[in-house]
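See below for the structure under consideration.
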Amino acid sequence: MDRYTVIISDFGKHDRGYRGTKTFWSLASIFGAYAELGLYWFLIRYFGRSAVTLLRPSQLLSGPKVPDTDWLFVGLPTSITKEHLRRINYRRLVLYDSTDQHEVFFLDSDQATLLSETDIVLKNFRDRRWNFPYRIGFLPIKRPPLNNRLSMAITVKKWTNGLGRDPRRRYDVGFVARPTGTVETNQRLRWMVELKRERSNLSLWGGLVGDTSWRRSFESHPDAKTLENCWLNCKKVSFSKYFSGLCESKVALAPSGYAPWSYRHFEAIYAGCMVVSNDLSNYEFLIPFPRETMVEVPDGESVVPSIDKALSMRETNPEIIEHNLRYLDRWLDKAHYSADCPDTLDRFMAELTN
């Protein structure tokens, strides 16, 4: 059986202070800490903990010799150099970047040395328009084994539905988000303004969350009055309340944030919503989305016609909801990676071995 070693990025003090202790990373490997651990959790789901080792960069220069490995995954950005790499025997080296940046985040990494050892970097998404001198593969997203709130919510929903308590879809649209950027540049804010301004007759569950500084930053904007009606009186919404709200909504909005994809895509499908998304036509992911049953908003266009289309599709073709759930069942087991979903592993490994 192959052995897999994952070396985390040491960017952002990931390998310093209490974060540089064995105890911290032992707990983080089980309960969750950073998105970049998604790769580690993915590998242990399919190959078991005995086949997968999690390391910090500092461990390559201190302590006992690092065990040999077949696959060495190095998180970017990294301070790993040739001296580090000489302390471990490996068959294949693979780089991975768990940030949401549209470029590969090498920063101060020894890019030349790393790329002399491999031709592939894993990212959470792949843009078909990229033209890098190396291949981009699919990086598994964060799915902690014991702290997967979506998985727990799905289990509760299934249990309550079994008792005949399937919630009534009281709302046309469900959406909660923290604003980022400006109305002109941020899709979340723009969609909220368009919805409130053009279709105020639609019932909305949710709104914008954040502290008062966010509200003040929009006071002089032409759409300030419209935005004022989009705010919830809280800094954040608990996940259980958020998911329950989606379960009472017919359509969920899944606009882009820092990245073109969002956990909202999965959460909306599991909650039984129609999904109105940003345009994903140029992007690929490890877990592909059921795009033929989603409604995507072309860049720069209003979200309102897409909401109307999604509501109509739900009314005329309600089996879409079950279709989307069955679709995800091929790739995930209640939001977990699982050996019962081999197509996900096959898709991942195909990128590595091409």
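Ligands are numbered from 1 in the order shown, chains are lettered A, B, ... in the order of the structure tokens, and residues start at 1 in each chain.
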Leaving out Arg143 of chain A and any residue of its chain fewer than 2 positions from it, which residues lie within 12 Å of it when counting only C-alpha atoms, given as a short mmCIF file (atom, residue, chain, number, x, y, z; two decimals) with N, CA and C atoms, in the first residue's frame?
data_model
loop_
_atom_site.label_atom_id
_atom_site.label_comp_id
_atom_site.auth_asym_id
_atom_site.auth_seq_id
_atom_site.Cartn_x
_atom_site.Cartn_y
_atom_site.Cartn_z
N SER A 29 -6.04 17.81 13.54
CA SER A 29 -6.22 16.77 12.52
C SER A 29 -7.54 16.04 12.68
N ILE A 30 -8.16 16.15 13.87
CA ILE A 30 -9.43 15.48 14.13
C ILE A 30 -10.61 16.45 14.09
N PHE A 31 -10.45 17.59 14.76
CA PHE A 31 -11.58 18.50 14.94
C PHE A 31 -11.61 19.67 13.95
N GLY A 32 -10.50 19.92 13.28
CA GLY A 32 -10.48 20.99 12.29
C GLY A 32 -9.78 22.22 12.80
N ALA A 33 -9.05 22.87 11.88
CA ALA A 33 -8.39 24.13 12.21
C ALA A 33 -8.26 24.97 10.96
N TYR A 34 -7.64 24.43 9.96
CA TYR A 34 -7.37 25.19 8.74
C TYR A 34 -7.92 24.45 7.52
N ALA A 35 -8.30 25.25 6.52
CA ALA A 35 -8.85 24.66 5.30
C ALA A 35 -7.85 23.75 4.60
N GLU A 36 -6.56 24.04 4.74
CA GLU A 36 -5.57 23.24 4.04
C GLU A 36 -5.50 21.81 4.56
N LEU A 37 -6.08 21.55 5.73
CA LEU A 37 -6.12 20.18 6.23
C LEU A 37 -7.12 19.32 5.47
N GLY A 38 -7.89 19.94 4.58
CA GLY A 38 -8.83 19.17 3.78
C GLY A 38 -8.16 18.04 3.03
N LEU A 39 -6.95 18.25 2.54
CA LEU A 39 -6.23 17.19 1.83
C LEU A 39 -5.91 16.04 2.76
N TYR A 40 -5.46 16.34 3.96
CA TYR A 40 -5.14 15.30 4.94
C TYR A 40 -6.38 14.49 5.29
N TRP A 41 -7.49 15.18 5.57
CA TRP A 41 -8.73 14.47 5.91
C TRP A 41 -9.21 13.61 4.75
N PHE A 42 -9.07 14.12 3.55
CA PHE A 42 -9.47 13.36 2.37
C PHE A 42 -8.68 12.06 2.27
N LEU A 43 -7.37 12.14 2.43
CA LEU A 43 -6.52 10.95 2.28
C LEU A 43 -6.79 9.92 3.36
N ILE A 44 -7.01 10.36 4.62
CA ILE A 44 -7.25 9.37 5.66
C ILE A 44 -8.63 8.73 5.50
N ARG A 45 -9.57 9.45 4.89
CA ARG A 45 -10.89 8.86 4.64
C ARG A 45 -10.78 7.67 3.69
N LEU A 139 -7.92 20.05 -5.53
CA LEU A 139 -7.65 19.91 -4.10
C LEU A 139 -8.95 19.67 -3.35
N PRO A 140 -9.01 18.64 -2.50
CA PRO A 140 -10.22 18.43 -1.69
C PRO A 140 -10.44 19.61 -0.74
N ILE A 141 -11.69 20.03 -0.60
CA ILE A 141 -12.01 21.15 0.29
C ILE A 141 -12.17 20.64 1.71
N PRO A 145 -13.36 15.48 10.09
CA PRO A 145 -14.06 14.24 10.45
C PRO A 145 -15.12 14.41 11.54
N LEU A 146 -14.81 15.17 12.61
CA LEU A 146 -15.72 15.25 13.74
C LEU A 146 -16.38 16.61 13.91
N ASN A 147 -16.00 17.58 13.10
CA ASN A 147 -16.56 18.93 13.26
C ASN A 147 -17.15 19.40 11.93
N ASN A 148 -17.87 18.51 11.29
CA ASN A 148 -18.50 18.83 10.01
C ASN A 148 -19.94 19.24 10.28
N ARG A 149 -20.16 20.54 10.42
CA ARG A 149 -21.48 21.03 10.81
C ARG A 149 -22.54 20.71 9.76
N LEU A 150 -22.15 20.73 8.49
CA LEU A 150 -23.13 20.42 7.45
C LEU A 150 -23.57 18.97 7.55
N SER A 151 -22.64 18.08 7.78
CA SER A 151 -23.00 16.66 7.91
C SER A 151 -23.96 16.44 9.07
N MET A 152 -23.69 17.11 10.20
CA MET A 152 -24.57 16.98 11.36
C MET A 152 -25.96 17.54 11.06
N TYR A 263 -19.25 27.14 -0.24
CA TYR A 263 -19.92 26.05 0.48
C TYR A 263 -21.44 26.17 0.33
N LEU A 332 -20.26 12.46 -2.35
CA LEU A 332 -20.12 12.68 -0.91
C LEU A 332 -21.15 11.84 -0.16
N ASP A 333 -20.78 11.44 1.05
CA ASP A 333 -21.71 10.73 1.92
C ASP A 333 -22.11 11.68 3.03
N LYS A 334 -23.28 12.33 2.86
CA LYS A 334 -23.77 13.32 3.83
C LYS A 334 -22.70 14.38 4.11
N ALA A 335 -22.10 14.91 3.06
CA ALA A 335 -21.09 15.96 3.12
C ALA A 335 -19.73 15.48 3.60
N HIS A 336 -19.55 14.17 3.76
CA HIS A 336 -18.26 13.59 4.11
C HIS A 336 -17.64 12.93 2.88
N TYR A 337 -16.33 12.98 2.79
CA TYR A 337 -15.64 12.09 1.87
C TYR A 337 -15.78 10.68 2.42
N SER A 338 -15.92 9.71 1.53
CA SER A 338 -16.18 8.37 2.01
C SER A 338 -15.71 7.33 1.01
#
Next item on the list: Quick one: everything within 10 Å of Arg190 of chain A, counting only C-alpha atoms, minus sequence neighbours fewer than 2 positions away in the same chain. Send it as a count of residues only.
Entry: 18
Checklist line | Non-local contacts of Arg291 of chain A (10 Å; only C-alpha atoms; under 5 positions in same chain excluded) as a VMD selection string | finding: chain A and resid 275 277 279 to 281 296 324
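Close contacts of segment 198-205 of chain A, defined as residues with an atom at most 10 Å away when counting only C-alpha atoms, with chain neighbours fewer than 3 positions off set aside, comprise A:Arg170, A:Tyr171, A:Asp172, A:Val173, A:Gly174, A:Phe175, A:Val176, A:Met192, A:Val193, A:Glu194, A:Leu195, A:Cys230, A:Tyr242, A:Gly245, A:Leu246, A:Glu248, A:Ser249, A:Lys250, A:Val251, A:Ala252, A:Ser302, A:Val303, A:Val304, A:Pro305, A:Ile307, A:Asp308.
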Next item on the list: Any chance you could list, as JSON, numbers by chain, the residues in segment 55-227 of chain A that come up strand (DSSP E or B) when DSSP is run on the backbone?
Entry: {"A": [55, 69, 70, 71, 72, 73, 74, 75, 90, 91, 92, 93, 94, 95, 96, 97, 120, 121, 122, 123, 126, 127, 135, 136, 137, 138, 171, 172, 173, 174, 175, 176, 177, 204, 205, 206, 207, 208]}
